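**Student:** Handing over target.csv, CSV, C-alpha atoms.
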chain,number,residue,atom,x,y,z
A,1343,MET,CA,31.6,-7.0,8.7
A,1344,PHE,CA,28.5,-8.1,6.9
A,1345,LYS,CA,27.5,-7.4,3.3
A,1346,ILE,CA,24.2,-5.8,2.4
A,1347,LEU,CA,22.6,-5.3,-1.0
A,1348,ILE,CA,20.1,-2.5,-1.1
A,1349,GLU,CA,17.6,-1.9,-3.9
A,1350,SER,CA,18.1,1.5,-5.6
A,1351,HIS,CA,14.5,2.5,-5.0
A,1352,VAL,CA,14.9,2.4,-1.2
A,1353,PRO,CA,15.4,6.1,-0.3
A,1354,PHE,CA,17.3,7.7,2.5
A,1355,ALA,CA,19.6,4.6,2.9
A,1356,GLU,CA,22.9,6.2,2.0
A,1357,GLY,CA,25.3,6.0,4.9
A,1358,ALA,CA,22.7,4.3,7.0
A,1359,PHE,CA,25.0,1.5,8.2
A,1360,GLY,CA,28.1,3.7,8.7
A,1361,GLY,CA,31.1,1.4,9.1
A,1362,GLU,CA,29.0,-1.5,10.4
A,1363,ALA,CA,28.6,-3.1,6.9
A,1364,GLU,CA,29.7,-3.2,3.4
A,1365,VAL,CA,26.9,-1.9,1.2
A,1366,ALA,CA,26.1,-2.2,-2.5
A,1367,VAL,CA,23.2,-0.6,-4.3
A,1368,LEU,CA,21.5,-2.5,-7.1
A,1369,ALA,CA,18.6,-1.8,-9.5
A,1370,PRO,CA,15.7,-4.1,-9.0
A,1371,GLY,CA,16.6,-6.1,-12.1
A,1372,GLU,CA,20.1,-6.7,-10.8
A,1373,PHE,CA,19.0,-8.9,-7.9
A,1374,THR,CA,19.8,-12.4,-9.2
A,1375,ARG,CA,21.0,-15.5,-7.4
A,1376,GLN,CA,24.3,-15.3,-9.1
A,1377,ARG,CA,24.7,-11.6,-8.1
A,1378,LEU,CA,23.9,-12.4,-4.4
A,1379,THR,CA,26.4,-15.3,-4.5
A,1380,ASP,CA,29.1,-13.3,-6.2
A,1381,GLU,CA,28.7,-10.4,-3.8
A,1382,LYS,CA,28.6,-12.8,-0.8
A,1383,ALA,CA,25.5,-11.0,0.4
A,1384,ASP,CA,24.5,-11.5,4.0
A,1385,ALA,CA,21.3,-9.4,3.8
A,1386,ILE,CA,19.1,-7.7,1.2
A,1387,ILE,CA,16.8,-4.7,1.5
A,1388,VAL,CA,14.3,-4.5,-1.3
A,1389,ARG,CA,10.9,-3.2,-2.3
A,1390,THR,CA,7.9,-4.9,-3.9
A,1391,ARG,CA,9.3,-5.4,-7.4
A,1392,THR,CA,12.0,-7.8,-6.3
A,1393,ARG,CA,10.6,-11.4,-5.9
A,1394,CYS,CA,12.3,-13.1,-3.0
A,1395,ASP,CA,12.0,-16.9,-3.3
A,1396,ALA,CA,14.0,-20.0,-3.9
A,1397,SER,CA,15.0,-18.8,-7.4
A,1398,LEU,CA,16.7,-15.8,-5.9
A,1399,LEU,CA,17.9,-17.1,-2.5
A,1400,GLU,CA,18.7,-20.8,-2.7
A,1401,GLY,CA,22.4,-21.5,-2.2
A,1402,THR,CA,23.2,-17.9,-1.2
A,1403,GLY,CA,24.5,-16.7,2.2
A,1404,VAL,CA,21.5,-14.4,2.8
A,1405,SER,CA,20.2,-14.7,6.4
A,1406,VAL,CA,17.8,-11.8,6.4
A,1407,VAL,CA,15.4,-10.4,3.8
A,1408,ALA,CA,14.1,-6.9,4.6
A,1409,THR,CA,11.5,-5.1,2.6
A,1410,ALA,CA,11.0,-1.4,3.0
A,1411,THR,CA,7.3,-1.8,2.5
A,1412,ILE,CA,4.2,-2.8,4.4
A,1413,GLY,CA,3.4,-5.7,2.2
A,1414,THR,CA,5.2,-9.0,1.9
A,1415,ASP,CA,3.4,-10.5,-1.2
A,1416,HIS,CA,6.7,-10.5,-3.1
A,1417,ILE,CA,8.4,-12.7,-0.4
A,1418,ASP,CA,8.0,-16.5,-0.2
A,1419,ILE,CA,7.7,-16.5,3.6
A,1420,PRO,CA,7.3,-20.3,4.0
A,1421,TYR,CA,10.4,-20.9,1.9
A,1422,CYS,CA,12.4,-18.4,4.0
A,1423,GLU,CA,11.2,-19.9,7.2
A,1424,SER,CA,12.2,-23.4,6.0
A,1425,ARG,CA,15.7,-22.1,5.3
A,1426,GLY,CA,16.0,-20.1,8.6
A,1427,ILE,CA,16.0,-16.7,6.7
A,1428,LYS,CA,14.6,-13.9,8.7
A,1429,VAL,CA,12.0,-11.8,7.0
A,1430,VAL,CA,11.3,-8.2,8.2
A,1431,ASN,CA,9.0,-5.5,6.8
A,1432,ALA,CA,7.8,-2.0,7.8
A,1433,PRO,CA,4.2,-2.3,9.0
A,1434,GLY,CA,2.5,1.0,9.3
A,1435,CYS,CA,5.3,3.0,7.8
A,1436,ASN,CA,3.1,4.7,5.2
A,1437,ALA,CA,-0.3,4.4,7.0
A,1438,PRO,CA,-0.7,8.2,7.6
A,1439,ALA,CA,0.0,8.9,4.0
A,1440,VAL,CA,-2.6,6.4,2.8
A,1441,ALA,CA,-5.2,7.9,5.2
A,1442,GLN,CA,-4.3,11.3,3.8
A,1443,TYR,CA,-4.9,10.1,0.3
A,1444,VAL,CA,-8.3,8.5,1.2
A,1445,PHE,CA,-9.7,11.7,2.7
A,1446,ALA,CA,-8.1,14.0,0.1
A,1447,ALA,CA,-10.0,12.1,-2.5
A,1448,ALA,CA,-13.2,11.5,-0.5
A,1449,LEU,CA,-13.6,15.1,0.7
A,1450,ARG,CA,-13.3,16.5,-2.8
A,1451,LEU,CA,-15.9,14.0,-4.2
A,1452,ILE,CA,-18.6,14.4,-1.6
A,1453,GLY,CA,-19.4,17.8,-3.0
A,1454,GLY,CA,-21.6,20.0,-0.7
A,1455,ARG,CA,-22.6,17.1,1.5
A,1456,HIS,CA,-21.4,17.3,5.1
A,1457,PRO,CA,-19.6,14.3,6.6
A,1458,SER,CA,-22.1,14.2,9.4
A,1459,ASN,CA,-24.7,13.1,6.9
A,1460,LEU,CA,-22.5,10.3,5.4
A,1461,THR,CA,-21.5,6.8,6.5
A,1462,LEU,CA,-17.9,5.8,6.0
A,1463,GLY,CA,-17.4,2.0,5.8
A,1464,ILE,CA,-13.8,0.8,6.4
A,1465,VAL,CA,-12.9,-2.8,5.4
A,1466,GLY,CA,-9.7,-3.7,7.2
A,1467,VAL,CA,-9.0,-1.8,10.4
A,1468,GLY,CA,-5.3,-2.3,11.0
A,1469,ASN,CA,-2.5,0.2,10.7
A,1470,VAL,CA,-4.1,2.2,7.9
A,1471,GLY,CA,-7.7,1.5,8.7
A,1472,SER,CA,-7.4,2.6,12.3
A,1473,ILE,CA,-6.1,6.0,11.3
A,1474,VAL,CA,-8.9,6.3,8.7
A,1475,ALA,CA,-11.5,5.5,11.4
A,1476,ARG,CA,-10.0,8.0,13.9
A,1477,TRP,CA,-9.8,10.8,11.4
A,1478,GLY,CA,-13.2,9.9,9.9
A,1479,ARG,CA,-14.9,10.4,13.3
A,1480,GLN,CA,-13.0,13.7,13.8
A,1481,LEU,CA,-14.3,14.9,10.5
A,1482,GLY,CA,-17.8,14.0,11.5
A,1483,PHE,CA,-18.5,10.8,9.5
A,1484,ARG,CA,-20.5,8.0,10.9
A,1485,VAL,CA,-17.9,5.2,10.8
A,1486,LEU,CA,-18.5,1.5,10.4
A,1487,GLU,CA,-15.5,-0.9,10.9
A,1488,CYS,CA,-15.3,-4.3,9.3
A,1489,ASP,CA,-12.4,-6.5,10.4
A,1490,PRO,CA,-13.5,-10.0,11.5
A,1491,PRO,CA,-9.9,-11.3,12.1
A,1492,ARG,CA,-9.2,-8.4,14.4
A,1493,GLU,CA,-12.4,-9.2,16.3
A,1494,LEU,CA,-11.2,-12.7,16.8
A,1495,CYS,CA,-7.9,-11.8,18.3
A,1496,GLU,CA,-8.6,-8.5,20.1
A,1497,PRO,CA,-10.9,-8.7,23.1
A,1498,GLY,CA,-13.5,-6.0,23.1
A,1499,TYR,CA,-13.2,-5.1,19.5
A,1500,ARG,CA,-16.5,-5.3,17.5
A,1501,SER,CA,-16.6,-5.7,13.8
A,1502,VAL,CA,-19.7,-5.1,11.7
A,1503,PRO,CA,-20.4,-7.6,8.9
A,1504,LEU,CA,-19.4,-6.8,5.4
A,1505,GLU,CA,-23.1,-7.0,4.5
A,1506,THR,CA,-23.7,-4.0,6.8
A,1507,ILE,CA,-21.0,-2.0,5.1
A,1508,ALA,CA,-22.7,-2.8,1.7
A,1509,ALA,CA,-26.1,-1.8,3.0
A,1510,GLU,CA,-25.3,1.4,4.9
A,1511,ALA,CA,-22.1,3.0,3.7
A,1512,ASP,CA,-21.9,6.0,1.4
A,1513,ILE,CA,-18.1,5.6,1.1
A,1514,ILE,CA,-16.4,2.2,1.2
A,1515,THR,CA,-12.6,2.1,1.5
A,1516,PHE,CA,-10.5,-1.1,1.6
A,1517,HIS,CA,-7.4,-1.5,3.8
A,1518,THR,CA,-6.8,-5.2,4.0
A,1519,PRO,CA,-3.8,-7.3,3.0
A,1520,HIS,CA,-4.2,-9.5,-0.1
A,1521,THR,CA,-4.7,-13.1,0.9
A,1522,ARG,CA,-6.0,-16.1,-1.1
A,1523,THR,CA,-6.5,-18.7,1.7
A,1524,GLY,CA,-8.1,-19.0,5.1
A,1525,ALA,CA,-11.5,-18.2,6.5
A,1526,HIS,CA,-11.1,-14.5,5.8
A,1527,ALA,CA,-9.3,-14.5,2.4
A,1528,THR,CA,-9.4,-11.1,0.7
A,1529,HIS,CA,-8.8,-12.0,-2.9
A,1530,HIS,CA,-11.8,-10.6,-4.8
A,1531,LEU,CA,-13.4,-9.6,-1.6
A,1532,ALA,CA,-15.3,-7.0,-3.6
A,1533,ASP,CA,-16.8,-9.3,-6.2
A,1534,GLU,CA,-20.0,-9.6,-8.2
A,1535,ARG,CA,-22.0,-10.7,-5.1
A,1536,PHE,CA,-20.6,-7.8,-3.0
A,1537,PHE,CA,-21.4,-5.1,-5.7
A,1538,SER,CA,-24.9,-6.5,-6.2
A,1539,SER,CA,-25.6,-6.1,-2.5
A,1540,LEU,CA,-24.8,-2.4,-2.4
A,1541,ARG,CA,-27.7,-0.2,-1.4
A,1542,ARG,CA,-26.5,3.4,-1.4
A,1543,LYS,CA,-24.5,3.7,-4.7
A,1544,PRO,CA,-21.3,4.3,-2.6
A,1545,MET,CA,-18.0,5.7,-3.5
A,1546,ILE,CA,-15.4,2.9,-3.7
A,1547,ILE,CA,-11.8,3.5,-2.8
A,1548,ASN,CA,-9.0,0.9,-3.2
A,1549,ALA,CA,-5.8,2.1,-1.7
A,1550,ALA,CA,-4.9,-1.3,-0.3
A,1551,ARG,CA,-4.1,-4.1,-2.9
A,1552,GLY,CA,-5.4,-4.4,-6.4
A,1553,PRO,CA,-6.8,-7.9,-6.3
A,1554,ILE,CA,-9.0,-7.2,-3.3
A,1555,VAL,CA,-11.4,-5.7,-5.9
A,1556,ASP,CA,-12.5,-7.9,-8.9
A,1557,THR,CA,-12.0,-5.5,-11.7
A,1558,ALA,CA,-14.5,-7.1,-14.1
A,1559,ALA,CA,-17.2,-7.1,-11.3
A,1560,LEU,CA,-16.5,-3.5,-10.5
A,1561,LEU,CA,-16.8,-2.5,-14.2
A,1562,ALA,CA,-20.1,-4.3,-14.4
A,1563,ALA,CA,-21.3,-2.5,-11.3
A,1564,ILE,CA,-20.3,0.8,-12.8
A,1565,ALA,CA,-22.3,-0.1,-16.0
A,1566,ASP,CA,-25.3,-1.1,-13.8
A,1567,SER,CA,-25.1,2.2,-11.7
A,1568,LYS,CA,-24.5,0.2,-8.5
A,1569,VAL,CA,-21.6,2.3,-7.5
A,1570,GLY,CA,-20.8,6.0,-7.4
A,1571,ASP,CA,-17.4,7.6,-7.7
A,1572,ILE,CA,-14.4,5.3,-8.0
A,1573,VAL,CA,-11.0,6.1,-6.6
A,1574,THR,CA,-8.3,3.6,-7.7
A,1575,ASP,CA,-4.7,3.6,-6.5
A,1576,CYS,CA,-4.1,-0.1,-6.4
A,1577,TRP,CA,-4.9,-2.1,-9.5
A,1578,GLU,CA,-5.5,-5.7,-10.3
A,1579,GLY,CA,-2.7,-7.0,-12.6
A,1580,GLU,CA,-0.4,-3.9,-12.1
A,1581,PRO,CA,1.8,-2.7,-13.6
A,1582,LEU,CA,-0.5,-3.5,-16.5
A,1583,ILE,CA,-3.7,-1.8,-15.5
A,1584,SER,CA,-7.3,-1.8,-16.9
A,1585,ARG,CA,-7.7,1.2,-19.3
A,1586,GLU,CA,-11.4,0.9,-18.8
A,1587,LEU,CA,-11.1,1.3,-15.0
A,1588,LEU,CA,-8.6,4.1,-15.6
A,1589,THR,CA,-11.3,6.0,-17.6
A,1590,ALA,CA,-14.0,5.2,-15.1
A,1591,SER,CA,-12.2,6.3,-12.0
A,1592,ARG,CA,-12.6,9.8,-10.8
A,1593,PHE,CA,-9.2,9.7,-9.3
A,1594,ALA,CA,-6.7,7.2,-10.7
A,1595,THR,CA,-3.1,7.0,-9.4
A,1596,PRO,CA,-0.1,4.7,-9.9
A,1597,HIS,CA,0.0,3.0,-6.5
A,1598,ILE,CA,1.4,6.0,-4.7
A,1599,ALA,CA,-1.1,6.6,-1.9
A,1600,GLY,CA,1.5,5.8,0.7
A,1601,TYR,CA,4.3,7.8,-1.0
A,1602,SER,CA,5.2,10.4,1.5
A,1603,ILE,CA,8.6,11.6,2.6
A,1604,GLU,CA,7.8,10.6,6.2
A,1605,GLY,CA,6.5,7.2,5.1
A,1606,LYS,CA,9.6,6.4,3.1
A,1607,LYS,CA,11.9,7.5,5.9
A,1608,ARG,CA,10.0,5.3,8.4
A,1609,ALA,CA,10.3,2.3,6.1
A,1610,THR,CA,14.0,2.8,5.6
A,1611,GLN,CA,14.6,3.4,9.3
A,1612,MET,CA,12.6,0.4,10.4
A,1613,THR,CA,14.2,-2.0,7.9
A,1614,VAL,CA,17.8,-0.8,8.5
A,1615,ASN,CA,17.4,-1.0,12.2
A,1616,ALA,CA,15.9,-4.5,11.9
A,1617,VAL,CA,19.0,-5.6,9.9
A,1618,LEU,CA,21.3,-4.0,12.4
A,1619,ARG,CA,19.6,-5.9,15.3
A,1620,HIS,CA,19.8,-9.1,13.3
A,1621,PHE,CA,23.6,-8.8,13.1
A,1622,GLY,CA,23.9,-7.8,16.8
A,1623,SER,CA,24.9,-4.2,16.1
A,1624,ASP,CA,24.2,-1.4,18.6
A,1625,ARG,CA,24.0,1.2,15.9
A,1626,ARG,CA,20.6,2.7,15.1
A,1627,LEU,CA,19.4,4.9,12.3
A,1628,ASP,CA,17.3,7.9,13.3
A,1629,LEU,CA,15.9,10.0,10.4
A,1630,GLY,CA,14.0,12.3,12.7
A,1631,ILE,CA,10.5,11.6,11.6
A,1632,PRO,CA,7.2,11.6,13.6
A,1633,PRO,CA,6.4,8.1,14.7
A,1634,GLY,CA,2.8,8.2,13.6
A,1635,ALA,CA,-0.2,10.1,12.2
A,1636,ALA,CA,-1.3,13.5,13.1
A,1637,ALA,CA,-3.4,13.5,16.3
A,1638,LYS,CA,-6.0,15.8,14.9
A,1639,VAL,CA,-6.9,16.8,11.3
A,1640,THR,CA,-9.5,19.0,9.7
A,1641,ALA,CA,-11.1,18.9,6.2
A,1642,GLY,CA,-9.1,22.0,5.3
A,1643,SER,CA,-5.8,20.7,6.5
A,1644,ILE,CA,-6.2,17.4,4.5
A,1645,THR,CA,-7.4,19.0,1.2
A,1646,ALA,CA,-4.7,21.6,1.4
A,1647,SER,CA,-2.0,18.9,1.9
A,1648,TYR,CA,-2.7,16.9,-1.3
A,1649,ASP,CA,-4.8,16.9,-4.4
A,1650,PRO,CA,-5.0,13.6,-6.3
A,1651,ALA,CA,-6.3,15.3,-9.4
A,1652,ALA,CA,-2.8,16.2,-10.6
A,1653,ASP,CA,-1.5,12.7,-10.2
A,1654,THR,CA,-4.7,11.4,-12.1
A,1655,GLU,CA,-4.0,13.6,-15.0
A,1656,VAL,CA,-0.3,12.5,-15.2
A,1657,LEU,CA,-1.3,8.8,-15.2
A,1658,ARG,CA,-4.0,9.3,-17.9
A,1659,SER,CA,-1.7,11.3,-20.1
A,1660,ALA,CA,1.0,8.7,-19.8
A,1661,TYR,CA,-1.4,6.0,-20.9
A,1662,ALA,CA,-2.8,8.1,-23.7
A,1663,ALA,CA,0.7,8.4,-25.1
A,1664,VAL,CA,1.5,4.7,-25.4
A,1665,GLY,CA,-0.2,2.0,-27.4
A,1666,ASP,CA,0.9,-1.5,-26.5
A,1667,ASP,CA,0.6,-3.2,-23.1
A,1668,HIS,CA,4.4,-3.5,-22.6
A,1669,GLU,CA,4.9,0.3,-23.0
A,1670,ALA,CA,1.8,1.0,-20.8
A,1671,ALA,CA,3.3,-1.2,-18.0
A,1672,LYS,CA,6.6,0.6,-18.3
A,1673,ALA,CA,4.9,3.9,-18.0
A,1674,PHE,CA,3.1,2.9,-14.9
A,1675,GLU,CA,6.3,1.7,-13.3
A,1676,HIS,CA,8.2,4.8,-14.3
A,1677,LEU,CA,5.5,7.0,-12.7
A,1678,ARG,CA,5.7,5.0,-9.5
A,1679,ASP,CA,9.5,5.0,-9.4
A,1680,SER,CA,9.9,8.7,-10.1
A,1681,TYR,CA,7.0,10.0,-8.0
A,1682,PRO,CA,7.8,13.2,-6.2
A,1683,LEU,CA,7.2,12.4,-2.6
A,1684,ARG,CA,4.7,14.6,-0.7
A,1685,ARG,CA,4.4,15.7,2.9
A,1686,GLU,CA,1.9,14.0,5.2
A,1687,VAL,CA,-0.8,16.2,6.7
A,1688,ARG,CA,0.3,17.4,10.2
Take the structure in the file and give it back as structure tokens.

**Tutor:**
Amino acid sequence: MFKILIESHVPFAEGAFGGEAEVAVLAPGEFTRQRLTDEKADAIIVRTRTRCDASLLEGTGVSVVATATIGTDHIDIPYCESRGIKVVNAPGCNAPAVAQYVFAAALRLIGGRHPSNLTLGIVGVGNVGSIVARWGRQLGFRVLECDPPRELCEPGYRSVPLETIAAEADIITFHTPHTRTGAHATHHLADERFFSSLRRKPMIINAARGPIVDTAALLAAIADSKVGDIVTDCWEGEPLISRELLTASRFATPHIAGYSIEGKKRATQMTVNAVLRHFGSDRRLDLGIPPGAAAKVTAGSITASYDPAADTEVLRSAYAAVGDDHEAAKAFEHLRDSYPLRREVR
């Protein structure tokens, strides 16, 4: 029997392994090298606040690190590969919820303008961006897709240049991973040069990763009236976020765009089953959730399913109630950890 340590913020995991494994649930701060060693852990299932690198894993018996999230920024993948530690994540688990968030915000902010008169620019067209593109066309938007890496590896796919997005889009939404190296690094992809090239004073939505957008450059663009409405769910430097950007954003939320019941269930199901496969078990967890996004949506169904205004007020009120940065960061984390999961649009 193998031993698994599961982070307490991974939902729907109770009883997931049946009698196949011994399971212990730990708070994020309880994941230490000593604890992993003392518990004789064979596997860990975490979320983004647990950093998985040599300082945690060296000398332990952990052979698989599973994160119940899309992103793997918190995992030192080269280190794990060098030690033969398998890394698994949950790609696409919350993609429908993020797409729901994007359109719930955008449709409220376009006012009386009809989508058929607007251009939606999508930067990053993977699991999330593909749903945003499909739903955007259903809703009537002219859709521009920018994803050079996808064009390189997918025959027949055509990506428009980022410059075209900057010149023609009325709404620009980012859905890339955060990378710092390579030909298509995304760190500060939206920088001073990008904002200076905007032509239509577009709405800017960041529900991807905070550092994709250079906060200082965005604030300067706001001051120069280069951008329109701002929607911020992912923040540079979080959990300590920019109070100035919090004030400037029409919708501002604590990194919860993907926090749906279905998305959390998908993530847990995907990671649990990956761990079971890793240890050769035939058991599989089935939480009875739809595999993907709604085939068809309407503006009415999306806006009825979620309103980001309430979450914005909660975040602003929390920040208004605290003074120092430490308490502000704690407030952000608390809102994220205690967020009441919503239903995806179906």

**Student:** Given all atoms listed in the file as the basis, pick out the residue of A:Gly1463, A:Gly1605, A:Pro1553, A:Pro1497 nearest to Val1485 (chain A).

**Tutor:**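 Looking only at the distances to Val1485 (chain A), the closest residue turns out to be A:Gly1463.
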
**Student:** CA of Thr1409 (chain A) and CA of Tyr1661 (chain A) are how many Å apart?

**Tutor:**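 Computing it gives 29.0 Å between the two atoms.
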
**Student:** Could you check which of A:Thr1379, A:Asn1431, A:Thr1589, A:Thr1506 is closest to Thr1461 (chain A), using all atoms listed in the file?

**Tutor:**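 Smallest distance to Thr1461 (chain A) is found for A:Thr1506.
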
**Student:** Compare A:Cys1422, A:Leu1460, A:Ile1514, A:Ala1410 by their minimum atom-to-atom distance to Thr1390 (chain A), counting all atoms listed in the file, and give me the closest one.

**Tutor:** A:Ala1410

**Student:** Contacts between region 1621-1635 of chain A and region 1470-1531 of chain A, please, where a residue of region 1470-1531 of chain A counts if it comes within 10 Å (with only C-alpha atoms); show its shortest atom pair and distance in Å to one decimal, rows by chain and ascending number, as CSV.

**Tutor:**
residue,atom,partner,partner_atom,distance
A:Val1470,CA,A:Ala1635,CA,9.8
A:Ile1473,CA,A:Ala1635,CA,7.2
A:Trp1477,CA,A:Ala1635,CA,9.7

**Student:** So how far away is CA of Leu1462 (chain A) from CA of Gln1480 (chain A), in Å?

**Tutor:**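 These atoms are spaced 12.1 Å apart.
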
**Student:** Would you mind listing what lies within 8 Å of His1668 (chain A) as a short mmCIF file (atom, residue, chain, number, x, y, z; two decimals) with C-alpha atoms, in the coordinates of the input, with all atoms listed in the file counted and same-chain residues fewer than 3 positions away left out?

**Tutor:**
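What ended up in part35.cif:
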data_model
loop_
_atom_site.label_atom_id
_atom_site.label_comp_id
_atom_site.auth_asym_id
_atom_site.auth_seq_id
_atom_site.Cartn_x
_atom_site.Cartn_y
_atom_site.Cartn_z
CA LEU A 1582 -0.50 -3.50 -16.50
CA ALA A 1671 3.30 -1.20 -18.00
CA LYS A 1672 6.60 0.60 -18.30
#

**Student:** Would you work out the distance separating CA of Ile1386 (chain A) from CA of Leu1398 (chain A), expressed in Å to one decimal?

**Tutor:** 11.0 Å

**Student:** Given the point (-12.8, -7.5, -4.0) in the file's coordinates, find the residues that have an atom at most 7 Å from it, counting all atoms listed in the file, and give them as a short mmCIF file (atom, residue, chain, number, x, y, z; two decimals) with C-alpha atoms, keeping the file's coordinate frame.

**Tutor:**
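As a result, result-v4.cif now contains:
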data_model
loop_
_atom_site.label_atom_id
_atom_site.label_comp_id
_atom_site.auth_asym_id
_atom_site.auth_seq_id
_atom_site.Cartn_x
_atom_site.Cartn_y
_atom_site.Cartn_z
CA THR A 1528 -9.40 -11.10 0.70
CA HIS A 1529 -8.80 -12.00 -2.90
CA HIS A 1530 -11.80 -10.60 -4.80
CA LEU A 1531 -13.40 -9.60 -1.60
CA ALA A 1532 -15.30 -7.00 -3.60
CA ASP A 1533 -16.80 -9.30 -6.20
CA PRO A 1553 -6.80 -7.90 -6.30
CA ILE A 1554 -9.00 -7.20 -3.30
CA VAL A 1555 -11.40 -5.70 -5.90
CA ASP A 1556 -12.50 -7.90 -8.90
#

**Student:** For Glu1580 (chain A), please output as a count of residues only all residues within 12 Å (counting all atoms listed in the file; exclusion window: fewer than 2 positions along the same chain).

**Tutor:** 28

**Student:** For Asn1459 (chain A), please output as an MDAnalysis selection string all residues within 9 Å (counting only C-alpha atoms; exclusion window: fewer than 3 positions along the same chain).

**Tutor:** chainID A and resid 1455:1456 1482:1484

**Student:** If we count all atoms listed in the file and set the cut-off at 9 Å, which residues sit around Lys1568 (chain A), ignoring sequence neighbours fewer than 6 positions away in its own chain? Please answer as a VMD selection string.

**Tutor:** chain A and resid 1537 to 1544 1562

**Student:** Using only C-alpha atoms, which residues sit within 9 Å of Pro1353 (chain A) once same-chain residues fewer than 4 positions away are excluded, as a PyMOL selection string?

**Tutor:** chain A and resi 1606-1607+1610

**Student:** Taking into account only C-alpha atoms, which residue in the set A:Ser1567, A:Thr1523, A:Thr1613, A:Ser1591 is nearest to Pro1650 (chain A)?

**Tutor:**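 Answer, going by the shortest atom-to-atom distance: A:Ser1591.
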
**Student:** Counting all atoms listed in the file, note down every residue that has an atom within 6 Å of the point (-2.9, -5.2, -0.3) (file coordinates), as a PDB file with C-alpha atoms, keeping the file's coordinate frame.

**Tutor:**
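In the end it all went to part38.pdb:
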ATOM      1  CA  THR A1518      -6.800  -5.200   4.000  1.00  0.00           C
ATOM      2  CA  PRO A1519      -3.800  -7.300   3.000  1.00  0.00           C
ATOM      3  CA  HIS A1520      -4.200  -9.500  -0.100  1.00  0.00           C
ATOM      4  CA  ALA A1550      -4.900  -1.300  -0.300  1.00  0.00           C
ATOM      5  CA  ARG A1551      -4.100  -4.100  -2.900  1.00  0.00           C
TER       6      ARG A1551
END

**Student:** Return the single residue from A:Ile1427, A:Ala1527, A:Ala1549, A:Val1656 that is closest to Gly1600 (chain A), with distances computed using only C-alpha atoms.

**Tutor:**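 Going through A:Ile1427, A:Ala1527, A:Ala1549, A:Val1656 one by one, the smallest distance to Gly1600 (chain A) is for A:Ala1549.
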